[in-house]
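Structure file data25.pdb; described as PDB, C-alpha atoms.
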MODEL        1
ATOM      1  CA  MET M   1      58.188 125.618  65.401
ATOM      2  CA  LYS M   2      56.113 122.713  64.169
ATOM      3  CA  VAL M   3      53.242 123.364  61.780
ATOM      4  CA  LYS M   4      50.673 120.592  61.411
ATOM      5  CA  LEU M   5      49.137 120.633  57.929
ATOM      6  CA  ILE M   6      47.604 117.302  56.881
ATOM      7  CA  SER M   7      47.380 118.853  53.464
ATOM      8  CA  ASN M   8      46.478 116.501  50.651
ATOM      9  CA  ILE M   9      48.900 116.863  47.747
ATOM     10  CA  LEU M  10      46.228 116.339  45.101
ATOM     11  CA  ASP M  11      43.833 118.790  46.792
ATOM     12  CA  ALA M  12      44.030 121.301  43.956
ATOM     13  CA  ASN M  13      42.787 118.716  41.458
ATOM     14  CA  THR M  14      40.222 117.280  43.862
ATOM     15  CA  ALA M  15      38.763 120.711  44.574
ATOM     16  CA  MET M  16      38.426 121.438  40.872
ATOM     17  CA  ALA M  17      36.898 118.009  40.263
ATOM     18  CA  GLU M  18      34.231 118.828  42.833
ATOM     19  CA  GLN M  19      33.532 122.075  40.963
ATOM     20  CA  ASN M  20      33.134 120.068  37.766
ATOM     21  CA  ARG M  21      30.852 117.635  39.556
ATOM     22  CA  GLN M  22      28.671 120.520  40.713
ATOM     23  CA  LEU M  23      28.495 121.999  37.203
ATOM     24  CA  PHE M  24      27.533 118.685  35.594
ATOM     25  CA  LYS M  25      24.937 118.029  38.272
ATOM     26  CA  GLU M  26      23.353 121.439  37.659
ATOM     27  CA  LYS M  27      23.196 120.715  33.938
ATOM     28  CA  GLY M  28      21.760 117.221  34.523
ATOM     29  CA  ILE M  29      24.714 115.514  32.829
ATOM     30  CA  PHE M  30      25.999 112.037  33.692
ATOM     31  CA  VAL M  31      29.751 111.834  33.206
ATOM     32  CA  LEU M  32      31.718 108.712  32.324
ATOM     33  CA  ASN M  33      35.533 108.630  32.569
ATOM     34  CA  LEU M  34      36.687 105.956  30.105
ATOM     35  CA  MET M  35      40.218 104.617  30.587
ATOM     36  CA  SER M  36      42.487 101.889  29.261
ATOM     37  CA  ALA M  37      45.946 101.129  27.938
ATOM     38  CA  PRO M  38      46.700 102.614  24.505
ATOM     39  CA  GLY M  39      45.059 100.579  21.745
ATOM     40  CA  ALA M  40      42.601  98.643  23.925
ATOM     41  CA  GLY M  41      39.694  99.968  21.856
ATOM     42  CA  LYS M  42      38.212 102.961  23.706
ATOM     43  CA  THR M  43      37.411 104.990  20.590
ATOM     44  CA  THR M  44      35.958 102.024  18.712
ATOM     45  CA  LEU M  45      33.807 101.140  21.713
ATOM     46  CA  LEU M  46      32.694 104.756  21.907
ATOM     47  CA  GLU M  47      31.691 104.714  18.233
ATOM     48  CA  LYS M  48      29.612 101.565  18.768
ATOM     49  CA  THR M  49      28.126 103.034  21.961
ATOM     50  CA  ILE M  50      27.096 106.166  20.054
ATOM     51  CA  GLU M  51      25.311 104.028  17.428
ATOM     52  CA  GLU M  52      23.548 101.930  20.061
ATOM     53  CA  LEU M  53      22.424 104.941  22.118
ATOM     54  CA  GLN M  54      21.050 106.818  19.092
ATOM     55  CA  GLY M  55      17.681 108.238  20.073
ATOM     56  CA  LYS M  56      18.041 107.047  23.677
ATOM     57  CA  LEU M  57      20.558 109.510  25.114
ATOM     58  CA  ARG M  58      22.146 112.719  23.829
ATOM     59  CA  LEU M  59      25.898 112.262  23.929
ATOM     60  CA  GLY M  60      28.820 114.632  24.216
ATOM     61  CA  VAL M  61      32.471 113.585  24.158
ATOM     62  CA  ILE M  62      35.739 114.989  25.448
ATOM     63  CA  GLU M  63      38.685 113.307  23.757
ATOM     64  CA  GLY M  64      42.058 113.234  25.503
ATOM     65  CA  ASP M  65      45.298 112.489  23.652
ATOM     66  CA  ILE M  66      48.858 113.699  23.825
ATOM     67  CA  CYS M  67      48.538 114.893  20.251
ATOM     68  CA  THR M  68      46.484 114.736  17.028
ATOM     69  CA  THR M  69      42.749 115.183  16.630
ATOM     70  CA  GLN M  70      42.196 111.766  15.078
ATOM     71  CA  ASP M  71      39.882 110.490  17.786
ATOM     72  CA  ALA M  72      37.746 113.640  17.856
ATOM     73  CA  GLU M  73      37.414 113.418  14.066
ATOM     74  CA  ARG M  74      36.166 109.843  14.310
ATOM     75  CA  ILE M  75      33.545 110.875  16.875
ATOM     76  CA  ALA M  76      32.528 113.997  14.956
ATOM     77  CA  ALA M  77      31.810 111.818  11.919
ATOM     78  CA  HIS M  78      28.936 110.312  13.954
ATOM     79  CA  GLY M  79      27.396 113.765  14.369
ATOM     80  CA  ILE M  80      28.263 113.963  18.069
ATOM     81  CA  GLN M  81      29.399 117.127  19.859
ATOM     82  CA  VAL M  82      33.064 116.545  20.638
ATOM     83  CA  VAL M  83      36.091 118.514  21.786
ATOM     84  CA  GLN M  84      39.692 117.297  21.607
ATOM     85  CA  ILE M  85      42.175 117.993  24.386
ATOM     86  CA  ASN M  86      45.830 117.715  23.372
ATOM     87  CA  THR M  87      47.920 117.460  26.494
ATOM     88  CA  ASP M  88      51.214 117.866  24.600
ATOM     89  CA  GLY M  89      52.919 115.450  26.958
ATOM     90  CA  ALA M  90      50.768 115.001  30.054
ATOM     91  CA  CYS M  91      49.842 111.326  30.277
ATOM     92  CA  HIS M  92      46.431 111.765  31.888
ATOM     93  CA  LEU M  93      43.618 114.287  31.924
ATOM     94  CA  ASP M  94      43.039 116.438  34.994
ATOM     95  CA  ALA M  95      40.050 118.326  36.366
ATOM     96  CA  ASN M  96      41.293 121.682  35.113
ATOM     97  CA  MET M  97      41.504 120.441  31.505
ATOM     98  CA  ILE M  98      37.967 119.061  31.778
ATOM     99  CA  LEU M  99      36.535 122.323  33.116
ATOM    100  CA  ARG M 100      38.089 124.337  30.286
ATOM    101  CA  SER M 101      36.979 121.976  27.520
ATOM    102  CA  ALA M 102      33.499 121.275  28.934
ATOM    103  CA  GLN M 103      32.767 124.985  28.705
ATOM    104  CA  THR M 104      33.111 124.800  24.904
ATOM    105  CA  LEU M 105      30.372 122.143  24.631
ATOM    106  CA  PRO M 106      26.610 122.843  24.507
ATOM    107  CA  LEU M 107      26.019 121.328  27.956
ATOM    108  CA  GLU M 108      22.259 121.985  27.826
ATOM    109  CA  GLU M 109      22.013 119.491  24.959
ATOM    110  CA  ILE M 110      23.909 116.630  26.613
ATOM    111  CA  ASP M 111      22.623 113.764  28.797
ATOM    112  CA  LEU M 112      25.763 111.626  28.855
ATOM    113  CA  LEU M 113      29.270 113.102  28.618
ATOM    114  CA  VAL M 114      31.972 110.558  27.874
ATOM    115  CA  ILE M 115      35.540 111.563  28.638
ATOM    116  CA  GLU M 116      37.934 109.352  26.728
ATOM    117  CA  ASN M 117      41.083 109.572  28.825
ATOM    118  CA  VAL M 118      44.652 109.325  27.554
ATOM    119  CA  GLY M 119      45.696 105.703  26.980
ATOM    120  CA  ASN M 120      47.523 104.803  30.192
ATOM    121  CA  LEU M 121      46.959 102.122  32.842
ATOM    122  CA  VAL M 122      48.650 104.066  35.642
ATOM    123  CA  CYS M 123      47.973 107.760  36.151
ATOM    124  CA  PRO M 124      44.342 108.360  35.113
ATOM    125  CA  ALA M 125      43.215 106.300  38.111
ATOM    126  CA  GLU M 126      44.625 108.957  40.458
ATOM    127  CA  PHE M 127      42.972 112.017  38.945
ATOM    128  CA  ASP M 128      39.350 112.735  39.716
ATOM    129  CA  LEU M 129      37.781 114.607  36.802
ATOM    130  CA  GLY M 130      34.371 115.145  38.409
ATOM    131  CA  GLU M 131      32.901 112.059  36.780
ATOM    132  CA  ASN M 132      29.951 109.956  37.993
ATOM    133  CA  LEU M 133      31.769 106.766  37.202
ATOM    134  CA  LYS M 134      35.028 105.367  35.911
ATOM    135  CA  ALA M 135      35.030 102.489  33.455
ATOM    136  CA  MET M 136      37.984 100.793  31.835
ATOM    137  CA  LEU M 137      38.776  98.479  28.973
ATOM    138  CA  ILE M 138      41.201  95.603  28.946
ATOM    139  CA  SER M 139      41.614  93.774  25.654
ATOM    140  CA  VAL M 140      42.293  90.021  25.498
ATOM    141  CA  THR M 141      45.563  90.728  23.705
ATOM    142  CA  GLU M 142      46.970  92.473  26.792
ATOM    143  CA  GLY M 143      47.258  89.337  28.879
ATOM    144  CA  ASN M 144      45.832  88.156  32.196
ATOM    145  CA  ASP M 145      48.487  89.811  34.335
ATOM    146  CA  LYS M 146      47.128  93.336  33.923
ATOM    147  CA  PRO M 147      44.817  93.479  36.973
ATOM    148  CA  THR M 148      47.571  92.389  39.353
ATOM    149  CA  LYS M 149      50.161  94.624  37.674
ATOM    150  CA  TYR M 150      47.940  97.713  37.606
ATOM    151  CA  PRO M 151      45.678  97.206  40.619
ATOM    152  CA  LEU M 152      44.688 100.816  41.203
ATOM    153  CA  MET M 153      42.941 101.322  37.877
ATOM    154  CA  PHE M 154      41.077  98.014  38.133
ATOM    155  CA  ARG M 155      40.099  98.900  41.701
ATOM    156  CA  GLU M 156      38.829 102.373  40.841
ATOM    157  CA  SER M 157      36.681 101.255  37.918
ATOM    158  CA  ARG M 158      32.965 100.585  38.398
ATOM    159  CA  ALA M 159      32.877  98.678  35.114
ATOM    160  CA  VAL M 160      35.588  96.654  33.389
ATOM    161  CA  LEU M 161      35.037  95.845  29.719
ATOM    162  CA  VAL M 162      36.993  92.902  28.344
ATOM    163  CA  ASN M 163      37.370  93.820  24.672
ATOM    164  CA  LYS M 164      38.470  92.130  21.432
ATOM    165  CA  LEU M 165      36.613  88.945  22.342
ATOM    166  CA  ASP M 166      36.725  88.052  18.639
ATOM    167  CA  LEU M 167      40.510  87.618  19.019
ATOM    168  CA  GLN M 168      40.361  85.447  22.115
ATOM    169  CA  PRO M 169      40.854  82.137  20.207
ATOM    170  CA  TYR M 170      44.243  83.463  19.043
ATOM    171  CA  THR M 171      45.466  84.355  22.541
ATOM    172  CA  ASP M 172      46.050  82.643  25.898
ATOM    173  CA  PHE M 173      43.688  85.011  27.665
ATOM    174  CA  SER M 174      41.485  83.278  30.230
ATOM    175  CA  LEU M 175      38.147  84.885  31.108
ATOM    176  CA  ASP M 176      38.036  82.695  34.248
ATOM    177  CA  ILE M 177      41.354  84.005  35.548
ATOM    178  CA  LEU M 178      40.232  87.579  34.943
ATOM    179  CA  GLN M 179      36.982  86.890  36.780
ATOM    180  CA  LYS M 180      38.850  85.396  39.763
ATOM    181  CA  ASP M 181      41.351  88.253  39.919
ATOM    182  CA  MET M 182      38.581  90.824  39.809
ATOM    183  CA  GLU M 183      36.688  89.004  42.577
ATOM    184  CA  GLN M 184      39.652  89.556  44.879
ATOM    185  CA  LEU M 185      40.601  93.039  43.718
ATOM    186  CA  ASN M 186      37.264  94.693  43.067
ATOM    187  CA  PRO M 187      34.287  92.378  43.580
ATOM    188  CA  GLU M 188      31.799  95.224  43.054
ATOM    189  CA  ALA M 189      32.950  95.985  39.516
ATOM    190  CA  LYS M 190      30.612  94.945  36.715
ATOM    191  CA  ILE M 191      32.446  92.977  34.022
ATOM    192  CA  PHE M 192      31.359  93.072  30.381
ATOM    193  CA  TYR M 193      32.706  90.769  27.669
ATOM    194  CA  ILE M 194      32.605  92.559  24.348
ATOM    195  CA  SER M 195      33.982  92.985  20.886
ATOM    196  CA  ALA M 196      33.774  96.634  19.877
ATOM    197  CA  LYS M 197      34.673  95.482  16.356
ATOM    198  CA  THR M 198      31.823  93.008  15.872
ATOM    199  CA  GLY M 199      29.447  94.684  18.330
ATOM    200  CA  GLU M 200      29.126  91.597  20.539
ATOM    201  CA  GLY M 201      28.133  92.524  24.093
ATOM    202  CA  VAL M 202      27.796  96.238  23.324
ATOM    203  CA  ALA M 203      24.012  96.272  23.771
ATOM    204  CA  ASP M 204      24.342  94.955  27.353
ATOM    205  CA  TRP M 205      26.975  97.587  28.160
ATOM    206  CA  CYS M 206      24.747 100.350  26.755
ATOM    207  CA  GLN M 207      21.697  99.056  28.609
ATOM    208  CA  TRP M 208      23.661  99.188  31.860
ATOM    209  CA  LEU M 209      24.788 102.729  31.054
ATOM    210  CA  VAL M 210      21.257 103.897  30.300
ATOM    211  CA  GLU M 211      20.095 102.454  33.638
ATOM    212  CA  ARG M 212      22.827 104.367  35.440
ATOM    213  CA  VAL M 213      22.133 107.620  33.636
ATOM    214  CA  SER M 214      18.424 107.381  34.359
ATOM    215  CA  LYS M 215      18.880 106.952  38.130
TER
ATOM    216  CA  MET C   1      53.638 108.621  38.769
ATOM    217  CA  HIS C   2      54.535 112.327  38.548
ATOM    218  CA  GLU C   3      56.764 112.703  41.514
ATOM    219  CA  LEU C   4      58.271 115.910  40.168
ATOM    220  CA  GLY C   5      54.824 117.460  39.756
ATOM    221  CA  LEU C   6      53.749 116.150  43.147
ATOM    222  CA  MET C   7      56.840 117.624  44.873
ATOM    223  CA  GLN C   8      56.207 120.948  43.136
ATOM    224  CA  GLN C   9      52.785 120.893  44.722
ATOM    225  CA  VAL C  10      54.288 119.986  48.111
ATOM    226  CA  ILE C  11      56.701 122.918  47.855
ATOM    227  CA  HIS C  12      53.813 125.188  46.901
ATOM    228  CA  ILE C  13      51.869 124.027  49.995
ATOM    229  CA  LEU C  14      54.928 124.599  52.201
ATOM    230  CA  ARG C  15      55.728 128.011  50.729
ATOM    231  CA  GLU C  16      52.197 129.297  51.298
ATOM    232  CA  SER C  17      52.077 127.999  54.866
ATOM    233  CA  ALA C  18      55.597 129.194  55.767
ATOM    234  CA  GLN C  19      54.783 132.675  54.499
ATOM    235  CA  LYS C  20      51.569 132.722  56.514
ATOM    236  CA  GLU C  21      53.342 131.488  59.691
ATOM    237  CA  GLY C  22      56.346 133.776  59.242
ATOM    238  CA  ILE C  23      58.762 130.835  58.956
ATOM    239  CA  LYS C  24      61.985 131.696  57.123
ATOM    240  CA  ARG C  25      63.713 128.298  56.897
ATOM    241  CA  ILE C  26      62.270 124.810  56.989
ATOM    242  CA  SER C  27      64.299 122.142  58.798
ATOM    243  CA  ALA C  28      62.053 119.084  58.497
ATOM    244  CA  ILE C  29      59.126 117.867  56.397
ATOM    245  CA  LYS C  30      56.931 114.834  56.998
ATOM    246  CA  LEU C  31      55.042 113.288  54.069
ATOM    247  CA  VAL C  32      52.608 110.398  54.309
ATOM    248  CA  VAL C  33      52.359 108.167  51.243
ATOM    249  CA  GLY C  34      50.103 105.124  51.015
ATOM    250  CA  LYS C  35      51.408 102.013  49.284
ATOM    251  CA  MET C  36      48.501 101.998  46.805
ATOM    252  CA  THR C  37      49.044 105.517  45.482
ATOM    253  CA  ALA C  38      51.008 105.699  42.276
ATOM    254  CA  ALA C  39      53.780 107.726  43.971
ATOM    255  CA  GLN C  40      57.185 106.220  44.738
ATOM    256  CA  PRO C  41      58.959 107.483  47.891
ATOM    257  CA  ASP C  42      62.435 107.164  46.333
ATOM    258  CA  SER C  43      61.352 109.190  43.322
ATOM    259  CA  LEU C  44      59.738 111.728  45.638
ATOM    260  CA  ARG C  45      63.042 112.073  47.521
ATOM    261  CA  PHE C  46      64.944 112.516  44.289
ATOM    262  CA  ALA C  47      62.439 115.076  43.015
ATOM    263  CA  PHE C  48      62.733 116.994  46.295
ATOM    264  CA  GLU C  49      66.530 117.085  46.010
ATOM    265  CA  VAL C  50      66.296 118.460  42.514
ATOM    266  CA  LEU C  51      63.640 121.065  43.286
ATOM    267  CA  ALA C  52      64.880 122.225  46.698
ATOM    268  CA  LYS C  53      68.537 122.572  45.670
ATOM    269  CA  SER C  54      68.420 126.251  44.817
ATOM    270  CA  GLU C  55      65.824 127.267  47.417
ATOM    271  CA  ASP C  56      67.561 128.655  50.510
ATOM    272  CA  TRP C  57      64.482 128.361  52.680
ATOM    273  CA  LEU C  58      64.169 124.682  51.856
ATOM    274  CA  ASN C  59      67.477 123.101  50.875
ATOM    275  CA  ASN C  60      68.502 122.144  54.400
ATOM    276  CA  ALA C  61      65.217 120.440  55.211
ATOM    277  CA  VAL C  62      65.212 116.750  56.071
ATOM    278  CA  LEU C  63      62.457 114.963  54.183
ATOM    279  CA  ASP C  64      60.853 112.078  56.061
ATOM    280  CA  ILE C  65      58.352 109.885  54.219
ATOM    281  CA  LEU C  66      56.050 107.586  56.139
ATOM    282  CA  GLU C  67      54.739 104.753  53.980
ATOM    283  CA  ILE C  68      51.359 103.360  54.923
ATOM    284  CA  ASP C  69      50.566  99.720  54.205
ATOM    285  CA  LEU C  70      47.397  98.708  52.429
ATOM    286  CA  THR C  71      44.689  97.723  54.919
ATOM    287  CA  ALA C  72      40.976  97.154  54.515
ATOM    288  CA  GLN C  73      37.858  96.486  56.526
ATOM    289  CA  CYS C  74      35.634  93.553  55.593
ATOM    290  CA  LYS C  75      32.109  94.699  54.739
ATOM    291  CA  ASP C  76      30.633  91.362  55.757
ATOM    292  CA  CYS C  77      32.223  90.705  59.171
ATOM    293  CA  ASP C  78      33.868  94.089  59.986
ATOM    294  CA  GLU C  79      37.309  92.490  60.378
ATOM    295  CA  HIS C  80      40.261  94.860  59.776
ATOM    296  CA  TYR C  81      43.037  93.216  57.794
ATOM    297  CA  ALA C  82      46.325  93.826  56.022
ATOM    298  CA  VAL C  83      45.997  93.340  52.270
ATOM    299  CA  ASP C  84      48.564  91.060  50.706
ATOM    300  CA  GLY C  85      49.505  91.721  47.085
ATOM    301  CA  TYR C  86      46.272  93.649  46.333
ATOM    302  CA  ARG C  87      44.204  90.522  47.003
ATOM    303  CA  PHE C  88      41.298  91.764  49.106
ATOM    304  CA  VAL C  89      40.259  88.576  50.873
ATOM    305  CA  CYS C  90      39.107  88.708  54.496
ATOM    306  CA  PRO C  91      41.256  86.304  56.564
ATOM    307  CA  LYS C  92      38.339  85.737  58.940
ATOM    308  CA  CYS C  93      35.349  85.059  56.663
ATOM    309  CA  GLY C  94      36.884  84.903  53.166
ATOM    310  CA  SER C  95      34.716  87.682  51.748
ATOM    311  CA  SER C  96      36.099  90.094  49.158
ATOM    312  CA  ALA C  97      33.600  92.845  49.953
ATOM    313  CA  ASN C  98      35.735  95.548  51.526
ATOM    314  CA  GLN C  99      36.497  99.194  52.171
ATOM    315  CA  ILE C 100      40.102 100.391  51.960
ATOM    316  CA  GLU C 101      41.303 101.948  55.218
ATOM    317  CA  GLY C 102      45.010 102.666  54.814
ATOM    318  CA  GLY C 103      47.183 102.778  51.734
ATOM    319  CA  ARG C 104      45.709 105.601  49.667
ATOM    320  CA  GLU C 105      47.203 108.534  51.561
ATOM    321  CA  LEU C 106      49.168 111.311  49.881
ATOM    322  CA  TYR C 107      49.593 114.299  52.145
ATOM    323  CA  VAL C 108      51.957 116.684  53.874
ATOM    324  CA  ASP C 109      51.590 115.853  57.573
ATOM    325  CA  PHE C 110      53.679 118.615  59.155
ATOM    326  CA  TYR C 111      56.871 120.614  58.813
ATOM    327  CA  GLU C 112      59.280 122.277  61.226
ATOM    328  CA  GLY C 113      61.190 125.494  60.898
ATOM    329  CA  ASP C 114      61.798 128.977  62.238
TER
ENDMDL
END
So that I can check it, write out the structure of this file as structure tokens.
Amino acid sequence: MKVKLISNILDANTAMAEQNRQLFKEKGIFVLNLMSAPGAGKTTLLEKTIEELQGKLRLGVIEGDICTTQDAERIAAHGIQVVQINTDGACHLDANMILRSAQTLPLEEIDLLVIENVGNLVCPAEFDLGENLKAMLISVTEGNDKPTKYPLMFRESRAVLVNKLDLQPYTDFSLDILQKDMEQLNPEAKIFYISAKTGEGVADWCQWLVERVSK
Amino acid sequence: MHELGLMQQVIHILRESAQKEGIKRISAIKLVVGKMTAAQPDSLRFAFEVLAKSEDWLNNAVLDILEIDLTAQCKDCDEHYAVDGYRFVCPKCGSSANQIEGGRELYVDFYEGD
């Protein structure tokens, strides 16, 4: 007997992500899934974003790490509502983790929810969390080969932030090569050139975010 | 990616369906895996071997994995094309505006048993 299924293997996560999407829509929350390799600067960018968006948008943050609460502590120091997920080994966040942690946040008081995913250039791209958009960071110290080596994440992201611009003179990173690679891999992605450390370019990134949240 | 976790999910899908259909032993399984998913067919096969080993209803099943190449449709001229090395460039008009058609699949197509 042959049984035709056409059953998507990630259906369980996708279904839950849609539930999350529904919940966030009801609460009027715009959700950003922020991804990158470990150490690219997600938390620092988030801290600068929080400062820049002060008084413009009410933020909430879900921090994802394998262990420690270091990132959540950094965010909490800015007076932002934050919850830390410790995956204890899982290398990406999934929709179920987001649903459980979102329920501990005061969703009525949040306009923009930023989910800082686990540092990883591979798996987060595959797991829908119920976000409105995915954005990723690549730092100039990671090298120009990252888009072609990790195409899925660069393809899935609506915005790509090239970080640590202040270090570019000390590396061989070419902004032109990145631009060309992105044109062929994901021409619709918006590219930002920033230094989360000095703040360069952060205002433009935040302005773009505000425009998206307001739509 | 997480082939072990993915195969656990496949086995869960099969178990539920087999129970519903009254199937006691599965003899064949067909998976479809796109080339742009982060799932490796060889690792999937290995994971299946490991997980199915002690399951009588499953451990004689032949696992067939169909890999789907990455293809896209040009948004500017509607041309369908095979994507080479993740470079989305239309061979007809040179545009990079595109929609992926094949290459992102990850599903259980069918299984056979009695």
- Item | Within 6 Å of C:Lys75 using all atoms listed in the file, minus same-chain residues under 3 positions, as a VMD selection string | chain C and resid 78 97 to 98
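If all atoms listed in the file are the atoms counted, then among M:Cys91, M:Lys2, M:Ala203, M:Glu126 the closest residue to C:Glu105 is M:Glu126.
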- Query: Can you list what the PyMOL selection byres ((chain C) within 9 of (chain M)) grabs from this structure, as an MDAnalysis selection string?
  - Reply: chainID C and resid 1:2 6:7 9:10 13 17:18 21 23 28 31:32 36:38 85:89 95:98 105:114
- Query: Near C:Leu70, within 7 Å and counting all atoms listed in the file, which residues show up once chain neighbours fewer than 6 positions away are dropped, as a ChimeraX atom specification?
  - Reply: /C:35-36,82-83,102-103
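Between C:Ser43 and the candidates C:Cys90, C:Ile65, C:Glu101, C:Asp84, the tightest atom-to-atom separation, counting all atoms listed in the file, involves C:Ile65.
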Padding 8 Å on each side, edges along x, y and z: where is the centre of the box around the listed atoms of stretch 84-99 of chain M, and how long are its edges in Å to one decimal? Output it as JSON.
{"center_x": 44.7, "center_y": 116.8, "center_z": 29.0, "size_x": 32.4, "size_y": 27.0, "size_z": 30.8}
- Message: What does the structure give for the distance between atom CA of M:Ala159 and atom CA of M:Lys134, in Å to one decimal?
- Response: 7.1 Å
- Item | Neighbours of point (67.9, 121.9, 51.7) within 12 Å, using all atoms listed in the file, written as a count of residues only | 24
- Could you write out as JSON, numbers by chain the residues that the PyMOL selection byres ((chain M and resi 83-86) around 7) matches in the shown file? {"M": [61, 62, 63, 64, 65, 66, 67, 69, 72, 82, 87, 88, 101]}
- Using the chain letters and residue numbers of this document, give as number ranges by chain the residues selected by the PyMOL selection byres ((chain M and resi 25-34) around 6). M: 22-24, 35, 111-117, 131-136, 213
- Might you pull out every residue within 7 Å of M:Ala17, with all atoms listed in the file counted and same-chain residues fewer than 4 positions away left off, and present them as number ranges by chain? M: 13, 21, 95, 128-130
- Message: Can you measure atom CA of M:Arg58 to atom CA of M:Leu46 for me? One decimal in Å is fine.
- Response: 13.4 Å
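Note that atom CA of M:Leu53 and atom CA of M:Trp208 are 11.4 Å apart.
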- Which residue out of C:Thr71, C:Leu66, C:Cys93, C:Cys77 has the minimum interatomic distance to C:Gln40 when only C-alpha atoms are used? C:Leu66
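The shell of residues at most 10 Å from M:Thr49, with only C-alpha atoms counted and near chain neighbours (fewer than 2 positions) removed, consists of Thr43, Thr44, Leu45, Leu46, Glu47, Glu51, Glu52, Leu53, Gln54, Leu59, Ala196, Gly199, Val202, Ala203, Trp205, Cys206 and Leu209 of chain M.
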